[in-house]
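Below is one structure, written out as structure tokens; the observations come after it.
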There are 2 protein chains.
Amino acid sequence: MLSFTEENYLKAIQKLALDYENKEIGTNDLATLLLVKPATVSDMLKKLKEKKLIDYEKYGKITLTKTGKLNALEIIRKHRLWETFLFEKLEFTWDEVHEVAEQLEHIQSKKLIDKLDKFLNYPKVDPHGDVIPNAKGELIITQHKTLVEEEIGHTCKMVGVKDNSANFLQYVDKLGLSINQSIKLISKNEFDNLIQIEVKKKTIIVSPKFAENIIITCNDCKKTRKVSI
Amino acid sequence: MLSFTEENYLKAIQKLALDYENKEIGTNDLATLLLVKPATVSDMLKKLKEKKLIDYEKYGKITLTKTGKLNALEIIRKHRLWETFLFEKLEFTWDEVHEVAEQLEHIQSKKLIDKLDKFLNYPKVDPHGDVIPNAKGELIITQHKTLVEEEIGHTCKMVGVKDNSANFLQYVDKLGLSINQSIKLISKNEFDNLIQIEVKKKTIIVSPKFAENIIITCNDCKKTRKVSI
DNA sequence: TAATAAAGTTAGATTAGTCTAACAATTATA
DNA sequence: TATAATTGTTAGACTAATCTAACTTTATTA
């Protein structure tokens with residue numbers, strides 16, 4: 001049985017592994033994400049290694065073992081199912097769900113999560129467009145482009161966001177964007193890289209930093225990769 | 001902000017206060033209920049006193065302060081709302097809900113519990129017939145009789161149970177009893193106090209220990225008392 | 001009411017998770 | 001490649017919640 005804290009470390013390692021892809025995960029990265037000091041992370045890494053949840057040598061690479069990854073994906077599954085519940089059944093807005101799901105994801109009951117999955121009619125994605133790992137702990141990742149990579153003149157569909165912070169999500173709302181919204185890329189300014197897009201027949205201007213965090217569909221890059229357990 | 005553990009102590013004190021009515025709550029009682037040693041309870045009582053959640057002097061009475069009681073009732077409210085959710089929406093049986101609700105009751109989000117209340121259509125009682133404290137932290141207690149006190153020949157209605165353990169609840173199910181079920185008391189055996197009742201046109205025999213844990217309505221004792229905050 | 005039993009408290013130790021400060025290893029760069 | 005900067009680790013301390021063992025207070029009863 002894992003503690004609340006151990007679960008959070010595993011989740012953080014899995015998250016960074018996906019974000020970084022090639023780059024290695026560092027003690028400092030984990031410390032930043034978990035809001036603790038690097039020294040604390042060092043201690044915990046030893047403990048997680050002891051418990052065979054990660055592979056790790058001093059000053060070396062941090063990777064999840066099979067068990068570690070299975071646990072991490074289960075927590076992410078719970079997090080995203082709860083987010084979906086809060087959004088769809090309790091009328092939370094998409095910028096509010098994350099905070100509460102951070103607590104709910106630690107509830108220990110296999111039956112609860114299976115029943116919740118059924119109650120929600122086996123959703124595939126959460127309110128932010130993130131894929132929900134299945135009951136076997138498998139996660140299908142579709143490699144999408146972000147809005148900043150889209151070509152001028154093309155029309156795409158928003159399918160998710162990279163930044164899940166309440167701040168960003170409220171900004172997205174304010175601009176009239178949402179999941180499944182159609183977006184046409186009108187132009188890119190060469191001087192400051194501002195991007196002009198058309199949404200619901202209105203033209204709006206967004207920054208490249210903003211566009212980097214909007215995930216879109218594109219026909220030429222629909223490769224999927226399975227994070228196996 | 002209260003810790004998980006502090007919340008459990010407050011809840012336990014409130015529970016014993018209701019169960020005991022007159023009798024005083026002791027360190028040992030709390031230790032038994034919370035599955036810790038009396039020494040641990042002594043330590044925690046000091047801490048709760050420091051935080052002005054209980055009134056307490058060494059070797060003296062333990063009572064909740066206003067703040068303490070408000071907190072305790074809020075936790076009980078959350079517990080019972082979650083039990084109702086699990087039972088009504090996720091198809092848990094009434095003997096399964098308690099264990100999971102013990103975890104869910106500690107989730108910190110006022111919005112969550114208000115939305116949940118609304119989603120469940122403001123239920124008055126949980127699946128065991130226990131009254132749910134309202135959003136103001138008020139709890140209306142109806143003083144009911146138990147089946148063991150009912151008179152021969154009278155018909156009453158089951159409205160709750162005293163023992164919420166999975167074991168007992170499964171037994172109640174097996175005998176065909178449930179909330180709102182009509183029960184007619186046929187006879188009481190003078191030798192061993194076994195009680196003969198009629199349920200759904202069938203006659204069954206129950207022990208006095210069993211009957212003590214079945215709460216029923218009766219016309220002559222509908223006094224209610226409000227546990228004020 | 002004095003002796004005994006029960007209940008409650010204190011002291012000191014333990015564990016998990018955290019910290020700071022000092023030190024060690026790795027990486028980047030002049 | 002030697003040095004500086006960055007990154008990571010260790011040692012020692014702290015807090016919350018728990019324990020055991022010893023002690024104190026209160027309650028019971030002979």
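Labels used: A, B, ... for chains in the order of the structure tokens, numbers from 1 for residues in each chain, and numbers from 1 for ligands as shown.
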
Within 7 Å of chain C, which residues of chain B show up? Give each one with its shortest atom-to-atom distance in Å (one decimal) and the two atoms involved, counting only C-alpha atoms (C1' of nucleotides), rows by chain then rising residue number, as JSON lines.
{"residue": "B:Thr27", "atom": "CA", "partner": "C:DG8", "partner_atom": "C1'", "distance": 7.0}
{"residue": "B:Ser42", "atom": "CA", "partner": "C:DT9", "partner_atom": "C1'", "distance": 6.9}
{"residue": "B:Tyr59", "atom": "CA", "partner": "C:DG8", "partner_atom": "C1'", "distance": 6.2}

Overlay target chain B, mobile chain A, all C-alpha paired in order, as a PDB file with C-alpha atoms, in the first residue's frame:
ATOM      1  CA  MET A   1      -7.108  23.724   8.591  1.00  0.00           C
ATOM      2  CA  LEU A   2      -7.535  20.401  10.343  1.00  0.00           C
ATOM      3  CA  SER A   3      -5.480  17.304   9.664  1.00  0.00           C
ATOM      4  CA  PHE A   4      -7.032  14.021   8.668  1.00  0.00           C
ATOM      5  CA  THR A   5      -6.321  12.723  12.170  1.00  0.00           C
ATOM      6  CA  GLU A   6      -7.751  15.722  13.996  1.00  0.00           C
ATOM      7  CA  GLU A   7     -10.917  15.382  11.957  1.00  0.00           C
ATOM      8  CA  ASN A   8     -11.249  11.771  12.988  1.00  0.00           C
ATOM      9  CA  TYR A   9     -10.899  12.627  16.667  1.00  0.00           C
ATOM     10  CA  LEU A  10     -13.580  15.321  16.444  1.00  0.00           C
ATOM     11  CA  LYS A  11     -15.917  12.971  14.626  1.00  0.00           C
ATOM     12  CA  ALA A  12     -15.326  10.259  17.216  1.00  0.00           C
ATOM     13  CA  ILE A  13     -16.035  12.644  20.098  1.00  0.00           C
ATOM     14  CA  GLN A  14     -19.267  13.826  18.463  1.00  0.00           C
ATOM     15  CA  LYS A  15     -20.314  10.232  17.809  1.00  0.00           C
ATOM     16  CA  LEU A  16     -19.719   9.123  21.383  1.00  0.00           C
ATOM     17  CA  ALA A  17     -21.462  12.242  22.713  1.00  0.00           C
ATOM     18  CA  LEU A  18     -24.604  11.216  20.823  1.00  0.00           C
ATOM     19  CA  ASP A  19     -24.335   7.531  21.718  1.00  0.00           C
ATOM     20  CA  TYR A  20     -23.705   8.081  25.408  1.00  0.00           C
ATOM     21  CA  GLU A  21     -26.063  11.015  25.977  1.00  0.00           C
ATOM     22  CA  ASN A  22     -25.510  11.241  29.731  1.00  0.00           C
ATOM     23  CA  LYS A  23     -22.437   9.111  30.365  1.00  0.00           C
ATOM     24  CA  GLU A  24     -19.104  10.840  30.014  1.00  0.00           C
ATOM     25  CA  ILE A  25     -16.729  10.170  27.154  1.00  0.00           C
ATOM     26  CA  GLY A  26     -13.468   8.563  28.268  1.00  0.00           C
ATOM     27  CA  THR A  27      -9.977   8.383  26.862  1.00  0.00           C
ATOM     28  CA  ASN A  28     -10.367   4.607  26.620  1.00  0.00           C
ATOM     29  CA  ASP A  29     -13.609   4.880  24.656  1.00  0.00           C
ATOM     30  CA  LEU A  30     -11.957   7.124  22.118  1.00  0.00           C
ATOM     31  CA  ALA A  31      -8.924   4.850  21.936  1.00  0.00           C
ATOM     32  CA  THR A  32     -11.127   1.836  21.228  1.00  0.00           C
ATOM     33  CA  LEU A  33     -13.129   3.639  18.570  1.00  0.00           C
ATOM     34  CA  LEU A  34     -10.090   5.120  16.836  1.00  0.00           C
ATOM     35  CA  LEU A  35      -7.972   1.966  17.121  1.00  0.00           C
ATOM     36  CA  VAL A  36      -5.124   3.706  18.969  1.00  0.00           C
ATOM     37  CA  LYS A  37      -3.775   3.486  22.535  1.00  0.00           C
ATOM     38  CA  PRO A  38      -5.148   5.646  25.372  1.00  0.00           C
ATOM     39  CA  ALA A  39      -1.775   7.397  25.653  1.00  0.00           C
ATOM     40  CA  THR A  40      -2.146   8.598  22.086  1.00  0.00           C
ATOM     41  CA  VAL A  41      -5.597   9.967  22.834  1.00  0.00           C
ATOM     42  CA  SER A  42      -4.240  11.867  25.850  1.00  0.00           C
ATOM     43  CA  ASP A  43      -1.672  13.559  23.630  1.00  0.00           C
ATOM     44  CA  MET A  44      -4.198  14.459  20.993  1.00  0.00           C
ATOM     45  CA  LEU A  45      -6.683  15.836  23.517  1.00  0.00           C
ATOM     46  CA  LYS A  46      -4.047  18.333  24.609  1.00  0.00           C
ATOM     47  CA  LYS A  47      -3.569  19.384  21.029  1.00  0.00           C
ATOM     48  CA  LEU A  48      -7.298  19.729  20.356  1.00  0.00           C
ATOM     49  CA  LYS A  49      -7.622  21.827  23.493  1.00  0.00           C
ATOM     50  CA  GLU A  50      -4.774  24.066  22.332  1.00  0.00           C
ATOM     51  CA  LYS A  51      -6.643  24.572  19.082  1.00  0.00           C
ATOM     52  CA  LYS A  52      -9.858  25.383  20.988  1.00  0.00           C
ATOM     53  CA  LEU A  53     -11.730  22.494  19.425  1.00  0.00           C
ATOM     54  CA  ILE A  54     -12.571  20.836  22.747  1.00  0.00           C
ATOM     55  CA  ASP A  55     -13.002  21.871  26.369  1.00  0.00           C
ATOM     56  CA  TYR A  56     -10.945  19.640  28.596  1.00  0.00           C
ATOM     57  CA  GLU A  57      -8.950  19.488  31.818  1.00  0.00           C
ATOM     58  CA  LYS A  58      -6.686  16.632  32.942  1.00  0.00           C
ATOM     59  CA  TYR A  59      -8.811  13.694  34.144  1.00  0.00           C
ATOM     60  CA  GLY A  60     -11.864  15.784  33.340  1.00  0.00           C
ATOM     61  CA  LYS A  61     -14.795  15.922  30.957  1.00  0.00           C
ATOM     62  CA  ILE A  62     -14.306  15.994  27.196  1.00  0.00           C
ATOM     63  CA  THR A  63     -16.713  18.220  25.299  1.00  0.00           C
ATOM     64  CA  LEU A  64     -16.587  19.831  21.887  1.00  0.00           C
ATOM     65  CA  THR A  65     -16.470  23.610  21.673  1.00  0.00           C
ATOM     66  CA  LYS A  66     -18.754  25.362  19.193  1.00  0.00           C
ATOM     67  CA  THR A  67     -16.026  25.292  16.565  1.00  0.00           C
ATOM     68  CA  GLY A  68     -15.248  21.686  17.369  1.00  0.00           C
ATOM     69  CA  LYS A  69     -18.864  20.630  17.011  1.00  0.00           C
ATOM     70  CA  LEU A  70     -19.287  22.601  13.801  1.00  0.00           C
ATOM     71  CA  ASN A  71     -16.288  20.805  12.338  1.00  0.00           C
ATOM     72  CA  ALA A  72     -17.464  17.406  13.537  1.00  0.00           C
ATOM     73  CA  LEU A  73     -20.928  17.851  12.066  1.00  0.00           C
ATOM     74  CA  GLU A  74     -19.467  18.992   8.778  1.00  0.00           C
ATOM     75  CA  ILE A  75     -17.435  15.791   8.549  1.00  0.00           C
ATOM     76  CA  ILE A  76     -20.491  13.711   9.422  1.00  0.00           C
ATOM     77  CA  ARG A  77     -22.440  15.630   6.774  1.00  0.00           C
ATOM     78  CA  LYS A  78     -19.809  14.834   4.181  1.00  0.00           C
ATOM     79  CA  HIS A  79     -19.655  11.190   5.237  1.00  0.00           C
ATOM     80  CA  ARG A  80     -23.396  10.718   4.900  1.00  0.00           C
ATOM     81  CA  LEU A  81     -23.701  12.598   1.614  1.00  0.00           C
ATOM     82  CA  TRP A  82     -20.956  10.440   0.115  1.00  0.00           C
ATOM     83  CA  GLU A  83     -22.660   7.292   1.415  1.00  0.00           C
ATOM     84  CA  THR A  84     -25.839   8.431  -0.303  1.00  0.00           C
ATOM     85  CA  PHE A  85     -23.946   9.081  -3.533  1.00  0.00           C
ATOM     86  CA  LEU A  86     -22.298   5.665  -3.487  1.00  0.00           C
ATOM     87  CA  PHE A  87     -25.597   3.928  -2.766  1.00  0.00           C
ATOM     88  CA  GLU A  88     -27.857   5.837  -5.124  1.00  0.00           C
ATOM     89  CA  LYS A  89     -25.605   6.672  -8.041  1.00  0.00           C
ATOM     90  CA  LEU A  90     -22.865   4.048  -8.061  1.00  0.00           C
ATOM     91  CA  GLU A  91     -24.929   1.005  -7.021  1.00  0.00           C
ATOM     92  CA  PHE A  92     -22.939   0.214  -3.895  1.00  0.00           C
ATOM     93  CA  THR A  93     -24.810  -1.900  -1.339  1.00  0.00           C
ATOM     94  CA  TRP A  94     -25.531  -0.343   2.039  1.00  0.00           C
ATOM     95  CA  ASP A  95     -22.935  -2.477   3.792  1.00  0.00           C
ATOM     96  CA  GLU A  96     -20.184  -1.274   1.420  1.00  0.00           C
ATOM     97  CA  VAL A  97     -20.652   2.484   1.587  1.00  0.00           C
ATOM     98  CA  HIS A  98     -19.215   3.202   5.044  1.00  0.00           C
ATOM     99  CA  GLU A  99     -15.643   2.138   4.343  1.00  0.00           C
ATOM    100  CA  VAL A 100     -15.240   4.280   1.239  1.00  0.00           C
ATOM    101  CA  ALA A 101     -17.055   7.244   2.820  1.00  0.00           C
ATOM    102  CA  GLU A 102     -14.490   7.140   5.657  1.00  0.00           C
ATOM    103  CA  GLN A 103     -11.967   8.286   3.069  1.00  0.00           C
ATOM    104  CA  LEU A 104     -14.171  10.622   1.033  1.00  0.00           C
ATOM    105  CA  GLU A 105     -15.317  12.559   4.108  1.00  0.00           C
ATOM    106  CA  HIS A 106     -11.883  14.181   4.379  1.00  0.00           C
ATOM    107  CA  ILE A 107     -11.867  15.819   0.944  1.00  0.00           C
ATOM    108  CA  GLN A 108     -11.578  19.572   1.454  1.00  0.00           C
ATOM    109  CA  SER A 109     -13.861  21.541  -0.844  1.00  0.00           C
ATOM    110  CA  LYS A 110     -16.943  23.409   0.228  1.00  0.00           C
ATOM    111  CA  LYS A 111     -18.045  23.710  -3.351  1.00  0.00           C
ATOM    112  CA  LEU A 112     -17.771  19.970  -3.874  1.00  0.00           C
ATOM    113  CA  ILE A 113     -20.035  19.115  -0.996  1.00  0.00           C
ATOM    114  CA  ASP A 114     -22.625  21.750  -1.880  1.00  0.00           C
ATOM    115  CA  LYS A 115     -22.712  20.555  -5.481  1.00  0.00           C
ATOM    116  CA  LEU A 116     -22.942  16.946  -4.355  1.00  0.00           C
ATOM    117  CA  ASP A 117     -25.852  17.816  -2.071  1.00  0.00           C
ATOM    118  CA  LYS A 118     -27.641  19.444  -5.000  1.00  0.00           C
ATOM    119  CA  PHE A 119     -26.817  16.547  -7.342  1.00  0.00           C
ATOM    120  CA  LEU A 120     -28.386  14.125  -4.860  1.00  0.00           C
ATOM    121  CA  ASN A 121     -31.410  16.431  -4.568  1.00  0.00           C
ATOM    122  CA  TYR A 122     -30.766  17.471  -0.955  1.00  0.00           C
ATOM    123  CA  PRO A 123     -31.259  14.104   0.768  1.00  0.00           C
ATOM    124  CA  LYS A 124     -32.418  14.115   4.404  1.00  0.00           C
ATOM    125  CA  VAL A 125     -31.063  10.717   5.416  1.00  0.00           C
ATOM    126  CA  ASP A 126     -28.261   8.385   4.316  1.00  0.00           C
ATOM    127  CA  PRO A 127     -28.714   4.733   3.220  1.00  0.00           C
ATOM    128  CA  HIS A 128     -28.733   3.579   6.867  1.00  0.00           C
ATOM    129  CA  GLY A 129     -31.486   5.998   7.827  1.00  0.00           C
ATOM    130  CA  ASP A 130     -29.113   8.385   9.634  1.00  0.00           C
ATOM    131  CA  VAL A 131     -30.013  12.049   9.377  1.00  0.00           C
ATOM    132  CA  ILE A 132     -27.634  14.207   7.295  1.00  0.00           C
ATOM    133  CA  PRO A 133     -26.623  17.470   9.028  1.00  0.00           C
ATOM    134  CA  ASN A 134     -27.564  20.503   6.923  1.00  0.00           C
ATOM    135  CA  ALA A 135     -25.149  22.996   5.360  1.00  0.00           C
ATOM    136  CA  LYS A 136     -25.308  25.153   8.499  1.00  0.00           C
ATOM    137  CA  GLY A 137     -24.075  22.249  10.607  1.00  0.00           C
ATOM    138  CA  GLU A 138     -27.399  21.546  12.251  1.00  0.00           C
ATOM    139  CA  LEU A 139     -28.542  18.027  12.898  1.00  0.00           C
ATOM    140  CA  ILE A 140     -32.132  17.126  13.676  1.00  0.00           C
ATOM    141  CA  ILE A 141     -32.282  13.993  15.770  1.00  0.00           C
ATOM    142  CA  THR A 142     -35.535  12.136  16.007  1.00  0.00           C
ATOM    143  CA  GLN A 143     -35.725  10.081  19.144  1.00  0.00           C
ATOM    144  CA  HIS A 144     -36.902   6.735  17.896  1.00  0.00           C
ATOM    145  CA  LYS A 145     -37.521   3.440  19.608  1.00  0.00           C
ATOM    146  CA  THR A 146     -35.766   0.263  18.606  1.00  0.00           C
ATOM    147  CA  LEU A 147     -37.526  -2.947  17.685  1.00  0.00           C
ATOM    148  CA  VAL A 148     -36.772  -4.452  21.086  1.00  0.00           C
ATOM    149  CA  GLU A 149     -38.980  -1.815  22.741  1.00  0.00           C
ATOM    150  CA  GLU A 150     -41.983  -2.306  20.465  1.00  0.00           C
ATOM    151  CA  GLU A 151     -45.154  -3.751  21.965  1.00  0.00           C
ATOM    152  CA  ILE A 152     -46.662  -7.070  21.005  1.00  0.00           C
ATOM    153  CA  GLY A 153     -49.298  -6.809  18.311  1.00  0.00           C
ATOM    154  CA  HIS A 154     -48.122  -3.402  17.109  1.00  0.00           C
ATOM    155  CA  THR A 155     -46.952  -2.691  13.570  1.00  0.00           C
ATOM    156  CA  CYS A 156     -44.065  -0.313  13.035  1.00  0.00           C
ATOM    157  CA  LYS A 157     -41.772   0.817  10.255  1.00  0.00           C
ATOM    158  CA  MET A 158     -38.024   0.336  10.127  1.00  0.00           C
ATOM    159  CA  VAL A 159     -36.317   3.709   9.650  1.00  0.00           C
ATOM    160  CA  GLY A 160     -32.699   2.969  10.398  1.00  0.00           C
ATOM    161  CA  VAL A 161     -30.065   0.831  12.084  1.00  0.00           C
ATOM    162  CA  LYS A 162     -27.792   1.488  15.028  1.00  0.00           C
ATOM    163  CA  ASP A 163     -24.982  -0.804  13.989  1.00  0.00           C
ATOM    164  CA  ASN A 164     -23.538   0.210  10.615  1.00  0.00           C
ATOM    165  CA  SER A 165     -21.027  -2.625  10.318  1.00  0.00           C
ATOM    166  CA  ALA A 166     -21.007  -4.549   7.056  1.00  0.00           C
ATOM    167  CA  ASN A 167     -21.589  -7.759   9.001  1.00  0.00           C
ATOM    168  CA  PHE A 168     -24.771  -6.596  10.630  1.00  0.00           C
ATOM    169  CA  LEU A 169     -26.115  -4.935   7.489  1.00  0.00           C
ATOM    170  CA  GLN A 170     -25.644  -8.100   5.452  1.00  0.00           C
ATOM    171  CA  TYR A 171     -27.584 -10.011   8.118  1.00  0.00           C
ATOM    172  CA  VAL A 172     -30.389  -7.453   7.933  1.00  0.00           C
ATOM    173  CA  ASP A 173     -30.505  -7.888   4.154  1.00  0.00           C
ATOM    174  CA  LYS A 174     -30.602 -11.653   4.515  1.00  0.00           C
ATOM    175  CA  LEU A 175     -33.656 -11.472   6.764  1.00  0.00           C
ATOM    176  CA  GLY A 176     -35.470  -9.404   4.124  1.00  0.00           C
ATOM    177  CA  LEU A 177     -35.479  -6.198   6.174  1.00  0.00           C
ATOM    178  CA  SER A 178     -34.774  -2.752   4.728  1.00  0.00           C
ATOM    179  CA  ILE A 179     -35.448   0.925   5.383  1.00  0.00           C
ATOM    180  CA  ASN A 180     -39.196   1.719   5.298  1.00  0.00           C
ATOM    181  CA  GLN A 181     -40.081  -1.956   5.667  1.00  0.00           C
ATOM    182  CA  SER A 182     -43.221  -2.593   7.730  1.00  0.00           C
ATOM    183  CA  ILE A 183     -42.730  -4.925  10.691  1.00  0.00           C
ATOM    184  CA  LYS A 184     -45.363  -6.503  12.925  1.00  0.00           C
ATOM    185  CA  LEU A 185     -44.354  -7.749  16.344  1.00  0.00           C
ATOM    186  CA  ILE A 186     -45.983 -11.120  16.902  1.00  0.00           C
ATOM    187  CA  SER A 187     -44.589 -12.318  20.213  1.00  0.00           C
ATOM    188  CA  LYS A 188     -41.681 -12.303  22.633  1.00  0.00           C
ATOM    189  CA  ASN A 189     -40.450 -15.494  24.218  1.00  0.00           C
ATOM    190  CA  GLU A 190     -40.172 -15.096  27.961  1.00  0.00           C
ATOM    191  CA  PHE A 191     -37.508 -17.738  28.405  1.00  0.00           C
ATOM    192  CA  ASP A 192     -34.790 -16.500  26.009  1.00  0.00           C
ATOM    193  CA  ASN A 193     -36.290 -13.186  24.852  1.00  0.00           C
ATOM    194  CA  LEU A 194     -36.334 -14.210  21.193  1.00  0.00           C
ATOM    195  CA  ILE A 195     -38.713 -12.002  19.202  1.00  0.00           C
ATOM    196  CA  GLN A 196     -41.097 -13.221  16.547  1.00  0.00           C
ATOM    197  CA  ILE A 197     -41.892 -10.661  13.848  1.00  0.00           C
ATOM    198  CA  GLU A 198     -43.817 -10.626  10.601  1.00  0.00           C
ATOM    199  CA  VAL A 199     -42.114  -9.150   7.553  1.00  0.00           C
ATOM    200  CA  LYS A 200     -43.602  -9.352   4.035  1.00  0.00           C
ATOM    201  CA  LYS A 201     -46.159 -11.927   5.282  1.00  0.00           C
ATOM    202  CA  LYS A 202     -43.385 -14.181   6.529  1.00  0.00           C
ATOM    203  CA  THR A 203     -42.722 -14.874  10.166  1.00  0.00           C
ATOM    204  CA  ILE A 204     -39.123 -14.687  11.323  1.00  0.00           C
ATOM    205  CA  ILE A 205     -37.361 -14.926  14.668  1.00  0.00           C
ATOM    206  CA  VAL A 206     -34.726 -12.447  15.784  1.00  0.00           C
ATOM    207  CA  SER A 207     -32.603 -12.063  18.895  1.00  0.00           C
ATOM    208  CA  PRO A 208     -32.992  -9.134  21.306  1.00  0.00           C
ATOM    209  CA  LYS A 209     -29.436  -8.083  20.396  1.00  0.00           C
ATOM    210  CA  PHE A 210     -30.522  -7.871  16.778  1.00  0.00           C
ATOM    211  CA  ALA A 211     -33.748  -6.015  17.625  1.00  0.00           C
ATOM    212  CA  GLU A 212     -31.827  -3.439  19.666  1.00  0.00           C
ATOM    213  CA  ASN A 213     -30.082  -2.346  16.497  1.00  0.00           C
ATOM    214  CA  ILE A 214     -33.197  -1.878  14.372  1.00  0.00           C
ATOM    215  CA  ILE A 215     -34.594   1.649  14.691  1.00  0.00           C
ATOM    216  CA  ILE A 216     -38.331   2.002  14.152  1.00  0.00           C
ATOM    217  CA  THR A 217     -40.942   4.748  14.106  1.00  0.00           C
ATOM    218  CA  CYS A 218     -43.469   4.945  16.877  1.00  0.00           C
ATOM    219  CA  ASN A 219     -46.300   7.413  17.335  1.00  0.00           C
ATOM    220  CA  ASP A 220     -45.772   8.167  21.010  1.00  0.00           C
ATOM    221  CA  CYS A 221     -42.148   9.327  20.938  1.00  0.00           C
ATOM    222  CA  LYS A 222     -41.651  11.706  18.051  1.00  0.00           C
ATOM    223  CA  LYS A 223     -39.768  14.326  19.988  1.00  0.00           C
ATOM    224  CA  THR A 224     -36.866  15.736  18.031  1.00  0.00           C
ATOM    225  CA  ARG A 225     -33.801  17.408  19.379  1.00  0.00           C
ATOM    226  CA  LYS A 226     -31.471  19.643  17.492  1.00  0.00           C
ATOM    227  CA  VAL A 227     -27.748  19.288  18.038  1.00  0.00           C
ATOM    228  CA  SER A 228     -27.020  22.953  17.807  1.00  0.00           C
ATOM    229  CA  ILE A 229     -23.675  24.360  16.833  1.00  0.00           C
TER     230      ILE A 229
END

Check: which chain D residues lie within 9 Å of chain A using only C-alpha atoms (C1' of nucleotides), as an MDAnalysis selection string: chainID D and resid 7:10

Expected answer as a VMD selection string: strand (DSSP E or B) residues in stretch 43-225 of chain B: chain B and resid 54 to 56 62 to 64 125 131 139 to 142 145 to 146 155 to 161 182 to 188 195 to 199 202 to 206 214 to 216 224 to 225

Atoms kept (C-alpha atoms) for selection, written as an mmCIF file, in the first residue's frame:
data_model
loop_
_atom_site.group_PDB
_atom_site.id
_atom_site.type_symbol
_atom_site.label_atom_id
_atom_site.label_comp_id
_atom_site.auth_asym_id
_atom_site.auth_seq_id
_atom_site.Cartn_x
_atom_site.Cartn_y
_atom_site.Cartn_z
ATOM 1 C CA ILE B 54 -12.531 20.894 22.750
ATOM 2 C CA ASP B 55 -12.954 21.937 26.383
ATOM 3 C CA TYR B 56 -10.864 19.713 28.574
ATOM 4 C CA ILE B 62 -14.222 16.042 27.208
ATOM 5 C CA THR B 63 -16.660 18.258 25.308
ATOM 6 C CA LEU B 64 -16.558 19.858 21.890
ATOM 7 C CA VAL B 125 -31.057 10.697 5.425
ATOM 8 C CA VAL B 131 -30.006 12.032 9.379
ATOM 9 C CA LEU B 139 -28.545 18.001 12.912
ATOM 10 C CA ILE B 140 -32.138 17.103 13.710
ATOM 11 C CA ILE B 141 -32.288 13.952 15.778
ATOM 12 C CA THR B 142 -35.541 12.112 16.012
ATOM 13 C CA LYS B 145 -37.565 3.391 19.600
ATOM 14 C CA THR B 146 -35.821 0.210 18.591
ATOM 15 C CA THR B 155 -47.013 -2.690 13.553
ATOM 16 C CA CYS B 156 -44.107 -0.316 13.027
ATOM 17 C CA LYS B 157 -41.793 0.823 10.242
ATOM 18 C CA MET B 158 -38.042 0.317 10.110
ATOM 19 C CA VAL B 159 -36.332 3.687 9.659
ATOM 20 C CA GLY B 160 -32.693 2.923 10.396
ATOM 21 C CA VAL B 161 -30.096 0.773 12.103
ATOM 22 C CA SER B 182 -43.257 -2.563 7.709
ATOM 23 C CA ILE B 183 -42.790 -4.917 10.665
ATOM 24 C CA LYS B 184 -45.450 -6.481 12.889
ATOM 25 C CA LEU B 185 -44.430 -7.746 16.295
ATOM 26 C CA ILE B 186 -46.081 -11.130 16.849
ATOM 27 C CA SER B 187 -44.680 -12.336 20.159
ATOM 28 C CA LYS B 188 -41.798 -12.346 22.588
ATOM 29 C CA ILE B 195 -38.825 -12.051 19.165
ATOM 30 C CA GLN B 196 -41.215 -13.240 16.486
ATOM 31 C CA ILE B 197 -41.990 -10.656 13.803
ATOM 32 C CA GLU B 198 -43.917 -10.597 10.547
ATOM 33 C CA VAL B 199 -42.193 -9.106 7.502
ATOM 34 C CA LYS B 202 -43.486 -14.132 6.474
ATOM 35 C CA THR B 203 -42.828 -14.866 10.104
ATOM 36 C CA ILE B 204 -39.224 -14.709 11.261
ATOM 37 C CA ILE B 205 -37.474 -14.949 14.604
ATOM 38 C CA VAL B 206 -34.811 -12.497 15.731
ATOM 39 C CA ILE B 214 -33.247 -1.934 14.369
ATOM 40 C CA ILE B 215 -34.625 1.589 14.692
ATOM 41 C CA ILE B 216 -38.366 1.978 14.157
ATOM 42 C CA THR B 224 -36.907 15.660 18.062
ATOM 43 C CA ARG B 225 -33.834 17.344 19.424
#

Expected answer as a count of residues only: helix (DSSP H, G or I) residues in stretch 11-163 of chain A: 75
